[in-house]
$ cat work.pdb   # PDB, C-alpha atoms
ATOM      1  CA  MET A   2      79.035 157.509  35.541
ATOM      2  CA  THR A   3      77.266 160.212  37.489
ATOM      3  CA  ALA A   4      76.359 163.553  36.002
ATOM      4  CA  HIS A   5      78.755 165.278  38.404
ATOM      5  CA  ALA A   6      81.709 163.114  37.343
ATOM      6  CA  MET A   7      80.875 163.694  33.689
ATOM      7  CA  GLU A   8      80.745 167.435  34.266
ATOM      8  CA  ASN A   9      84.135 167.339  35.996
ATOM      9  CA  GLY A  10      85.573 165.327  33.110
ATOM     10  CA  LEU A  11      84.342 167.849  30.547
ATOM     11  CA  LEU A  12      85.688 170.727  32.613
ATOM     12  CA  PHE A  13      89.100 169.052  32.814
ATOM     13  CA  GLN A  14      89.051 168.390  29.073
ATOM     14  CA  ALA A  15      88.280 172.062  28.371
ATOM     15  CA  GLN A  16      91.127 173.155  30.645
ATOM     16  CA  VAL A  17      93.564 170.820  28.888
ATOM     17  CA  GLN A  18      92.407 172.168  25.542
ATOM     18  CA  ARG A  19      93.046 175.728  26.700
ATOM     19  CA  ARG A  20      96.521 174.754  27.905
ATOM     20  CA  VAL A  21      97.370 173.109  24.594
ATOM     21  CA  ARG A  22      96.229 176.188  22.692
ATOM     22  CA  GLN A  23      98.318 178.499  24.877
ATOM     23  CA  TRP A  24     101.438 176.369  24.565
ATOM     24  CA  GLY A  25     100.910 175.920  20.824
ATOM     25  CA  LEU A  26     100.766 179.678  20.333
ATOM     26  CA  TRP A  27     103.913 180.278  22.383
ATOM     27  CA  LEU A  28     105.797 177.556  20.535
ATOM     28  CA  PHE A  29     104.818 179.263  17.308
ATOM     29  CA  PHE A  30     106.240 182.524  18.698
ATOM     30  CA  LEU A  31     109.428 180.709  19.636
ATOM     31  CA  SER A  32     109.868 179.332  16.124
ATOM     32  CA  GLU A  33     109.277 182.811  14.701
ATOM     33  CA  ALA A  34     111.788 184.245  17.180
ATOM     34  CA  PHE A  35     114.487 182.021  15.663
ATOM     35  CA  LEU A  36     113.752 183.447  12.232
ATOM     36  CA  PHE A  37     113.961 187.026  13.501
ATOM     37  CA  ALA A  38     117.122 186.298  15.477
ATOM     38  CA  ALA A  39     118.784 184.872  12.375
ATOM     39  CA  VAL A  40     117.816 187.933  10.335
ATOM     40  CA  ALA A  41     119.011 190.284  13.099
ATOM     41  CA  SER A  42     122.368 188.510  13.343
ATOM     42  CA  SER A  43     122.865 188.935   9.594
ATOM     43  CA  ARG A  44     122.865 192.717  10.151
ATOM     44  CA  PHE A  45     125.983 192.404  12.327
ATOM     45  CA  PHE A  46     127.623 190.085   9.826
ATOM     46  CA  LEU A  47     126.882 192.314   6.826
ATOM     47  CA  ALA A  48     127.213 195.833   8.212
ATOM     48  CA  GLY A  49     129.196 195.417  11.419
ATOM     49  CA  LEU A  50     128.453 197.563  14.442
ATOM     50  CA  GLU A  51     128.172 200.957  12.797
ATOM     51  CA  ARG A  52     124.972 202.952  12.594
ATOM     52  CA  GLY A  53     123.421 203.399   9.160
ATOM     53  CA  GLU A  54     122.187 206.672   7.679
ATOM     54  CA  VAL A  55     118.547 206.369   8.611
ATOM     55  CA  ASP A  56     115.879 208.940   9.451
ATOM     56  CA  GLN A  57     116.015 209.042  13.264
ATOM     57  CA  ALA A  58     112.837 211.080  13.712
ATOM     58  CA  LEU A  59     110.851 208.719  11.504
ATOM     59  CA  GLY A  60     112.247 205.692  13.332
ATOM     60  CA  LEU A  61     111.188 207.144  16.680
ATOM     61  CA  ALA A  62     107.760 208.029  15.297
ATOM     62  CA  ILE A  63     106.967 204.565  13.909
ATOM     63  CA  THR A  64     108.267 202.930  17.096
ATOM     64  CA  SER A  65     105.951 205.115  19.177
ATOM     65  CA  VAL A  66     103.046 204.243  16.887
ATOM     66  CA  LEU A  67     103.681 200.501  17.240
ATOM     67  CA  LEU A  68     104.067 200.678  21.033
ATOM     68  CA  THR A  69     100.834 202.674  21.285
ATOM     69  CA  SER A  70      99.101 200.008  19.210
ATOM     70  CA  SER A  71     100.162 197.428  21.792
ATOM     71  CA  VAL A  72      98.357 199.440  24.481
ATOM     72  CA  THR A  73      95.146 199.612  22.416
ATOM     73  CA  ALA A  74      95.439 195.893  21.613
ATOM     74  CA  TYR A  75      95.659 195.150  25.343
ATOM     75  CA  ARG A  76      92.584 197.325  25.922
ATOM     76  CA  ALA A  77      90.724 195.332  23.243
ATOM     77  CA  GLU A  78      91.623 192.040  24.898
ATOM     78  CA  VAL A  79      90.550 193.062  28.401
ATOM     79  CA  ALA A  80      87.366 194.662  27.046
ATOM     80  CA  ALA A  81      86.493 191.369  25.331
ATOM     81  CA  ALA A  82      87.234 189.402  28.498
ATOM     82  CA  ARG A  83      84.866 191.511  30.586
ATOM     83  CA  GLY A  84      82.143 191.476  27.923
ATOM     84  CA  ASP A  85      82.485 195.091  26.786
ATOM     85  CA  ARG A  86      81.740 194.683  23.091
ATOM     86  CA  GLY A  87      81.986 198.393  22.209
ATOM     87  CA  GLY A  88      85.355 198.741  23.927
ATOM     88  CA  MET A  89      86.691 195.673  22.143
ATOM     89  CA  LEU A  90      85.605 196.909  18.706
ATOM     90  CA  ARG A  91      86.868 200.460  19.237
ATOM     91  CA  ASN A  92      90.279 199.323  20.443
ATOM     92  CA  LEU A  93      90.640 196.731  17.692
ATOM     93  CA  ALA A  94      89.890 199.410  15.100
ATOM     94  CA  ALA A  95      92.433 201.756  16.721
ATOM     95  CA  THR A  96      95.068 198.997  16.701
ATOM     96  CA  ILE A  97      94.463 198.303  13.013
ATOM     97  CA  LEU A  98      94.755 202.002  12.155
ATOM     98  CA  LEU A  99      97.999 202.316  14.108
ATOM     99  CA  GLY A 100      99.342 199.200  12.376
ATOM    100  CA  LEU A 101      98.543 200.749   9.002
ATOM    101  CA  ALA A 102     100.243 203.982  10.107
ATOM    102  CA  PHE A 103     103.355 201.957  11.008
ATOM    103  CA  LEU A 104     103.358 200.335   7.573
ATOM    104  CA  GLY A 105     102.994 203.769   5.986
ATOM    105  CA  GLY A 106     105.989 204.999   7.985
ATOM    106  CA  VAL A 107     108.097 202.050   6.827
ATOM    107  CA  GLY A 108     107.007 202.787   3.259
ATOM    108  CA  ILE A 109     108.194 206.395   3.606
ATOM    109  CA  GLU A 110     111.497 205.157   5.043
ATOM    110  CA  TRP A 111     111.948 202.792   2.127
ATOM    111  CA  SER A 112     111.233 205.437  -0.482
ATOM    112  CA  SER A 113     113.523 208.033   1.091
ATOM    113  CA  ALA A 114     116.412 205.773   2.137
ATOM    114  CA  HIS A 115     119.910 207.098   1.400
ATOM    115  CA  PHE A 116     121.315 203.624   0.771
ATOM    116  CA  LYS A 117     120.755 200.989  -1.884
ATOM    117  CA  PRO A 118     119.456 197.481  -1.252
ATOM    118  CA  SER A 119     122.771 196.203  -2.602
ATOM    119  CA  ASP A 120     124.808 198.008   0.102
ATOM    120  CA  PRO A 121     125.678 195.844   3.145
ATOM    121  CA  PHE A 122     123.586 197.965   5.513
ATOM    122  CA  GLY A 123     120.849 198.345   2.894
ATOM    123  CA  THR A 124     120.569 194.579   2.465
ATOM    124  CA  ALA A 125     120.179 194.130   6.226
ATOM    125  CA  PHE A 126     117.797 197.077   6.570
ATOM    126  CA  PHE A 127     115.445 196.115   3.761
ATOM    127  CA  THR A 128     115.441 192.439   4.762
ATOM    128  CA  MET A 129     114.733 193.126   8.445
ATOM    129  CA  THR A 130     112.086 195.789   7.889
ATOM    130  CA  GLY A 131     110.585 193.774   5.016
ATOM    131  CA  ILE A 132     110.151 190.589   7.032
ATOM    132  CA  HIS A 133     108.879 192.514  10.044
ATOM    133  CA  SER A 134     106.437 194.571   7.965
ATOM    134  CA  SER A 135     105.029 191.431   6.369
ATOM    135  CA  HIS A 136     104.293 190.198   9.897
ATOM    136  CA  VAL A 137     102.691 193.528  10.775
ATOM    137  CA  ALA A 138     100.576 193.287   7.619
ATOM    138  CA  SER A 139      99.475 189.756   8.519
ATOM    139  CA  GLY A 140      98.684 190.994  12.055
ATOM    140  CA  VAL A 141      96.540 193.782  10.624
ATOM    141  CA  PHE A 142      94.749 191.221   8.448
ATOM    142  CA  ILE A 143      94.107 188.890  11.402
ATOM    143  CA  LEU A 144      92.884 191.762  13.606
ATOM    144  CA  GLY A 145      90.665 192.855  10.705
ATOM    145  CA  LEU A 146      89.125 189.379  10.584
ATOM    146  CA  VAL A 147      88.528 189.475  14.340
ATOM    147  CA  LEU A 148      86.981 192.946  14.033
ATOM    148  CA  PHE A 149      84.747 191.755  11.197
ATOM    149  CA  HIS A 150      83.476 188.787  13.216
ATOM    150  CA  GLY A 151      83.192 190.962  16.331
ATOM    151  CA  LEU A 152      80.960 193.380  14.437
ATOM    152  CA  ARG A 153      78.745 190.434  13.508
ATOM    153  CA  GLY A 154      78.258 189.575  17.177
ATOM    154  CA  ARG A 155      80.815 186.823  17.742
ATOM    155  CA  PHE A 156      83.108 186.602  20.807
ATOM    156  CA  VAL A 157      81.085 188.990  22.970
ATOM    157  CA  PRO A 158      77.278 188.962  23.047
ATOM    158  CA  PRO A 159      75.549 192.175  21.970
ATOM    159  CA  PRO A 160      74.059 194.389  24.693
ATOM    160  CA  CYS A 161      70.725 193.561  26.306
ATOM    161  CA  PRO A 162      67.814 194.538  24.065
ATOM    162  CA  CYS A 163      65.616 195.713  26.958
ATOM    163  CA  ASN A 164      66.817 199.302  26.340
ATOM    164  CA  ARG A 165      66.606 200.180  30.004
ATOM    165  CA  TRP A 166      70.138 201.367  30.339
ATOM    166  CA  THR A 167      70.407 204.809  31.866
ATOM    167  CA  PRO A 168      73.254 206.177  34.007
ATOM    168  CA  TRP A 169      71.049 206.295  37.111
ATOM    169  CA  ARG A 170      69.346 202.979  36.477
ATOM    170  CA  PRO A 171      71.551 200.319  34.838
ATOM    171  CA  CYS A 172      70.046 197.406  32.975
ATOM    172  CA  PRO A 173      69.569 194.560  35.470
ATOM    173  CA  HIS A 174      69.960 191.904  32.774
ATOM    174  CA  ARG A 175      73.723 192.147  32.490
ATOM    175  CA  PRO A 176      74.949 189.418  30.115
ATOM    176  CA  PRO A 177      77.377 186.902  31.640
ATOM    177  CA  ARG A 178      81.096 187.388  31.086
ATOM    178  CA  PRO A 179      82.217 185.542  27.951
ATOM    179  CA  SER A 180      84.169 182.374  28.649
ATOM    180  CA  PRO A 181      87.902 182.157  27.808
ATOM    181  CA  ASP A 182      86.929 179.898  24.889
ATOM    182  CA  ASP A 183      84.626 182.564  23.457
ATOM    183  CA  VAL A 184      87.295 185.250  23.432
ATOM    184  CA  TRP A 185      90.260 183.038  22.485
ATOM    185  CA  PRO A 186      90.434 184.356  18.872
ATOM    186  CA  VAL A 187      90.692 187.915  20.223
ATOM    187  CA  GLU A 188      93.293 186.898  22.795
ATOM    188  CA  ALA A 189      95.404 184.937  20.287
ATOM    189  CA  SER A 190      95.405 187.662  17.652
ATOM    190  CA  VAL A 191      96.280 190.311  20.253
ATOM    191  CA  LYS A 192      99.110 188.112  21.596
ATOM    192  CA  TYR A 193     100.444 187.809  18.058
ATOM    193  CA  TRP A 194     100.327 191.587  17.737
ATOM    194  CA  HIS A 195     102.326 191.975  20.948
ATOM    195  CA  PHE A 196     104.854 189.470  19.609
ATOM    196  CA  VAL A 197     105.345 191.593  16.475
ATOM    197  CA  ASP A 198     105.792 194.575  18.787
ATOM    198  CA  VAL A 199     108.421 192.779  20.887
ATOM    199  CA  VAL A 200     110.354 191.952  17.720
ATOM    200  CA  TRP A 201     110.390 195.631  16.771
ATOM    201  CA  VAL A 202     111.609 196.524  20.266
ATOM    202  CA  PHE A 203     114.832 194.713  19.293
ATOM    203  CA  PHE A 204     114.908 195.672  15.613
ATOM    204  CA  TYR A 205     114.559 199.411  16.264
ATOM    205  CA  PRO A 206     117.877 199.872  18.113
ATOM    206  CA  ILE A 207     119.679 197.391  15.879
ATOM    207  CA  LEU A 208     118.681 199.341  12.772
ATOM    208  CA  TYR A 209     118.422 202.920  14.017
ATOM    209  CA  LEU A 210     120.245 203.541  17.268
ATOM    210  CA  MET A 211     123.056 201.122  17.897
ATOM    211  CA  SER A 212     126.647 202.219  17.560
ATOM    212  CA  TRP A 213     129.938 200.841  18.771
ATOM    213  CA  PRO A 214     133.258 202.526  17.855
ATOM    214  CA  THR A 215     135.683 200.085  16.246
TER     215      THR A 215
ATOM    216  CA  MET B   6      70.904 188.350  43.789
ATOM    217  CA  ASN B   7      71.422 191.774  42.305
ATOM    218  CA  GLU B   8      75.095 191.957  41.332
ATOM    219  CA  ARG B   9      75.073 195.745  41.694
ATOM    220  CA  TYR B  10      75.551 195.265  45.423
ATOM    221  CA  GLY B  11      77.139 191.798  45.569
ATOM    222  CA  PRO B  12      80.726 190.554  45.693
ATOM    223  CA  GLU B  13      80.730 190.111  41.935
ATOM    224  CA  LYS B  14      80.346 193.855  41.504
ATOM    225  CA  GLU B  15      83.300 194.398  43.832
ATOM    226  CA  GLN B  16      85.440 191.916  41.885
ATOM    227  CA  ARG B  17      84.485 193.570  38.618
ATOM    228  CA  ARG B  18      85.489 196.966  40.003
ATOM    229  CA  GLU B  19      88.820 195.636  41.257
ATOM    230  CA  ARG B  20      89.575 194.019  37.910
ATOM    231  CA  LEU B  21      88.706 197.223  36.083
ATOM    232  CA  ALA B  22      90.998 199.208  38.384
ATOM    233  CA  TRP B  23      93.864 196.760  37.755
ATOM    234  CA  GLU B  24      93.343 196.928  33.981
ATOM    235  CA  THR B  25      93.436 200.722  34.110
ATOM    236  CA  VAL B  26      96.640 200.671  36.168
ATOM    237  CA  VAL B  27      98.277 198.257  33.698
ATOM    238  CA  THR B  28      97.167 200.305  30.683
ATOM    239  CA  TRP B  29      98.421 203.674  31.897
ATOM    240  CA  GLY B  30     101.383 202.250  33.794
ATOM    241  CA  MET B  31     102.611 200.401  30.733
ATOM    242  CA  ALA B  32     101.952 203.376  28.445
ATOM    243  CA  ALA B  33     104.098 205.551  30.726
ATOM    244  CA  TRP B  34     106.771 202.865  31.154
ATOM    245  CA  LEU B  35     107.104 202.264  27.403
ATOM    246  CA  THR B  36     107.231 206.005  26.712
ATOM    247  CA  VAL B  37     109.981 206.530  29.288
ATOM    248  CA  GLN B  38     111.991 203.594  27.959
ATOM    249  CA  THR B  39     111.689 204.657  24.329
ATOM    250  CA  ILE B  40     112.770 208.215  25.145
ATOM    251  CA  ALA B  41     115.634 206.923  27.311
ATOM    252  CA  GLU B  42     116.757 204.654  24.489
ATOM    253  CA  TYR B  43     116.735 207.530  22.011
ATOM    254  CA  VAL B  44     118.594 209.905  24.331
ATOM    255  CA  VAL B  45     121.237 207.290  25.187
ATOM    256  CA  ALA B  46     121.737 206.538  21.495
ATOM    257  CA  GLN B  47     122.213 210.197  20.620
ATOM    258  CA  ALA B  48     124.446 210.986  23.602
ATOM    259  CA  MET B  49     126.754 207.972  23.733
ATOM    260  CA  ALA B  50     128.999 206.528  21.052
ATOM    261  CA  ALA B  51     129.299 203.080  22.640
ATOM    262  CA  ASN B  52     125.688 202.442  23.520
ATOM    263  CA  LEU B  53     125.167 198.784  22.652
ATOM    264  CA  PRO B  54     125.106 197.266  26.194
ATOM    265  CA  ILE B  55     122.802 199.938  27.614
ATOM    266  CA  LEU B  56     120.404 199.686  24.674
ATOM    267  CA  LEU B  57     120.359 195.921  25.024
ATOM    268  CA  LEU B  58     119.493 196.222  28.705
ATOM    269  CA  ILE B  59     116.672 198.701  28.025
ATOM    270  CA  ASN B  60     115.305 196.472  25.243
ATOM    271  CA  LEU B  61     115.328 193.406  27.452
ATOM    272  CA  LEU B  62     113.389 195.289  30.130
ATOM    273  CA  GLU B  63     110.927 196.622  27.569
ATOM    274  CA  ALA B  64     110.351 193.219  25.961
ATOM    275  CA  ALA B  65     110.007 191.501  29.342
ATOM    276  CA  SER B  66     107.397 193.999  30.522
ATOM    277  CA  ILE B  67     105.351 193.565  27.314
ATOM    278  CA  MET B  68     105.544 189.774  27.583
ATOM    279  CA  TYR B  69     104.532 189.827  31.238
ATOM    280  CA  PHE B  70     101.820 192.476  31.383
ATOM    281  CA  PHE B  71     100.418 192.340  27.841
ATOM    282  CA  GLN B  72     101.031 188.768  26.713
ATOM    283  CA  HIS B  73     100.529 187.239  30.197
ATOM    284  CA  ILE B  74     103.327 184.724  29.747
ATOM    285  CA  TYR B  75     102.970 183.698  33.418
ATOM    286  CA  ARG B  76      99.651 182.050  32.536
ATOM    287  CA  LEU B  77     101.603 179.215  30.929
ATOM    288  CA  TRP B  78     102.719 178.072  34.366
ATOM    289  CA  CYS B  79     100.047 179.115  36.820
ATOM    290  CA  GLU B  80      96.768 177.313  37.396
ATOM    291  CA  GLU B  81      93.883 178.873  35.533
ATOM    292  CA  GLU B  82      90.828 180.271  37.261
ATOM    293  CA  SER B  83      87.832 177.944  37.201
TER     294      SER B  83
END
$ encode --input "work.pdb" --output "C-alpha cells"
Amino acid sequence: MTAHAMENGLLFQAQVQRRVRQWGLWLFFLSEAFLFAAVASSRFFLAGLERGEVDQALGLAITSVLLTSSVTAYRAEVAAARGDRGGMLRNLAATILLGLAFLGGVGIEWSSAHFKPSDPFGTAFFTMTGIHSSHVASGVFILGLVLFHGLRGRFVPPPCPCNRWTPWRPCPHRPPRPSPDDVWPVEASVKYWHFVDVVWVFFYPILYLMSWPT
Amino acid sequence: MNERYGPEKEQRRERLAWETVVTWGMAAWLTVQTIAEYVVAQAMAANLPILLLINLLEAASIMYFFQHIYRLWCEEES
C-alpha cells in the first residue's frame, strides 16, 4: 500500500468517526426530547389548558438569561474553532455564569410559588422545572469541565511565545487552526447547552404564558 | 507565504464577518421573538396556536444557526 493510499484511508476513517460522533450526539438529544415531551404532555393532562399563577416578570427574566447564554455559548464554539483561546475561555465563563443565574431564578420561583407541589399545576410545574434545571446544572458542570481543561491548554493551543504581537505588527507565527477533533469536546458541550435552551423555549410558554379559554 | 496578504487571510475575515452576523442577528431575532411571545400572551386569551408557531420558529433557528443541524447531512470540509 502506498503512503498516499494509507493517508487517504486514515482521512476517511477520521471523517467516519466524526460522522458517528455527530449522529450519536443527535440521537442522544432525540432520546432526551422524548423524556421532555412526556413531561410536557403531563402538564396538559394534570392542569388542563389554563395558565397557572406564576411570576411573569421572573419567567421572562430567566428566559432572557438562558437565551443570552446560548449566544455566548455559540461565541465560545466559534472562538475555539478559529483558535481564539481567550475568546473561548471568556465566553465559556460567561455561559456558566448565566446558567447559574438561571438556576438562581428558578430557585427564587420555587421558594415564592403560590401553589403547592400537590396541586395539579404545582405537580407539573415542579416536575418540569426540576427536570429541566437538573439538565441545566449538568450543562454547567460539563461546561465547567471544558473551561477547566481549556485553561490548562487543551483544545486550543496557547498563543505564540515570541511576544512580538503588537497592533501594528502582528506575530507572524500564527498557530494553525485547531482541527475539528481538537475542539469536539467544546462543540459537543455547547450543542448540549443549546439543546437545554431549545427545551426551555417550549417549556416557558407551556408553564408561564399559555392560555386557552374552555 | 505570509497569510496576512494571502487568500487564507481573506477566508478568515469572511468567516469572522459571518460569525458576527450570526451572533448579533440571532441575538436580535431571539429578543424580538421572546418579546412578541410575551406580548401575545398578555394580550390574547386564546394564544396557544400563535405561541406554538413562535416557539417552533425560535427552536428551528437555534437548531440551524447554533447547533448546525444541517451538518448531519452535508459533506464536511476537508
$ closest_residue --input "work.pdb" --among "A:Ala102, A:Val157, A:Ala41, A:Val141" --to "A:Phe126" --atoms "all atoms listed in the file"
A:Ala41
$ resolve_selection --input "work.pdb" --expression "the ChimeraX specification (/A :<9) & /B" --output "number ranges by chain"
B: 7-9, 17, 21, 24-25, 28-29, 31-32, 35-36, 39-40, 42-43, 45-47, 49-53, 56-57, 60-61, 63-65, 67-68, 71-74, 76-77, 81, 83
$ atom_distance --input "work.pdb" --atom1 "atom CA of A:Arg91" --atom2 "atom CA of A:Phe103"
18.5 Å
$ atom_distance --input "work.pdb" --atom1 "atom CA of B:Gln38" --atom2 "atom CA of A:Leu67"
13.9 Å
$ atom_distance --input "work.pdb" --atom1 "atom CA of A:Ala77" --atom2 "atom CA of A:Ile63"
20.9 Å
$ resolve_selection --input "work.pdb" --expression "the PyMOL selection byres ((chain A and resi 150-153) around 12)" --output "PyMOL selection string"
chain A and resi 77+81+84-94+143-149+154-159+183-184+186-187
$ closest_residue --input "work.pdb" --among "A:Val66, A:Ile97, A:Val197, A:Val55" --to "A:Trp111" --atoms "only C-alpha atoms"
A:Val55
$ closest_residue --input "work.pdb" --among "B:Trp78, B:Tyr69, B:Leu62, B:Ala22" --to "B:Val37" --atoms "all atoms listed in the file"
B:Leu62
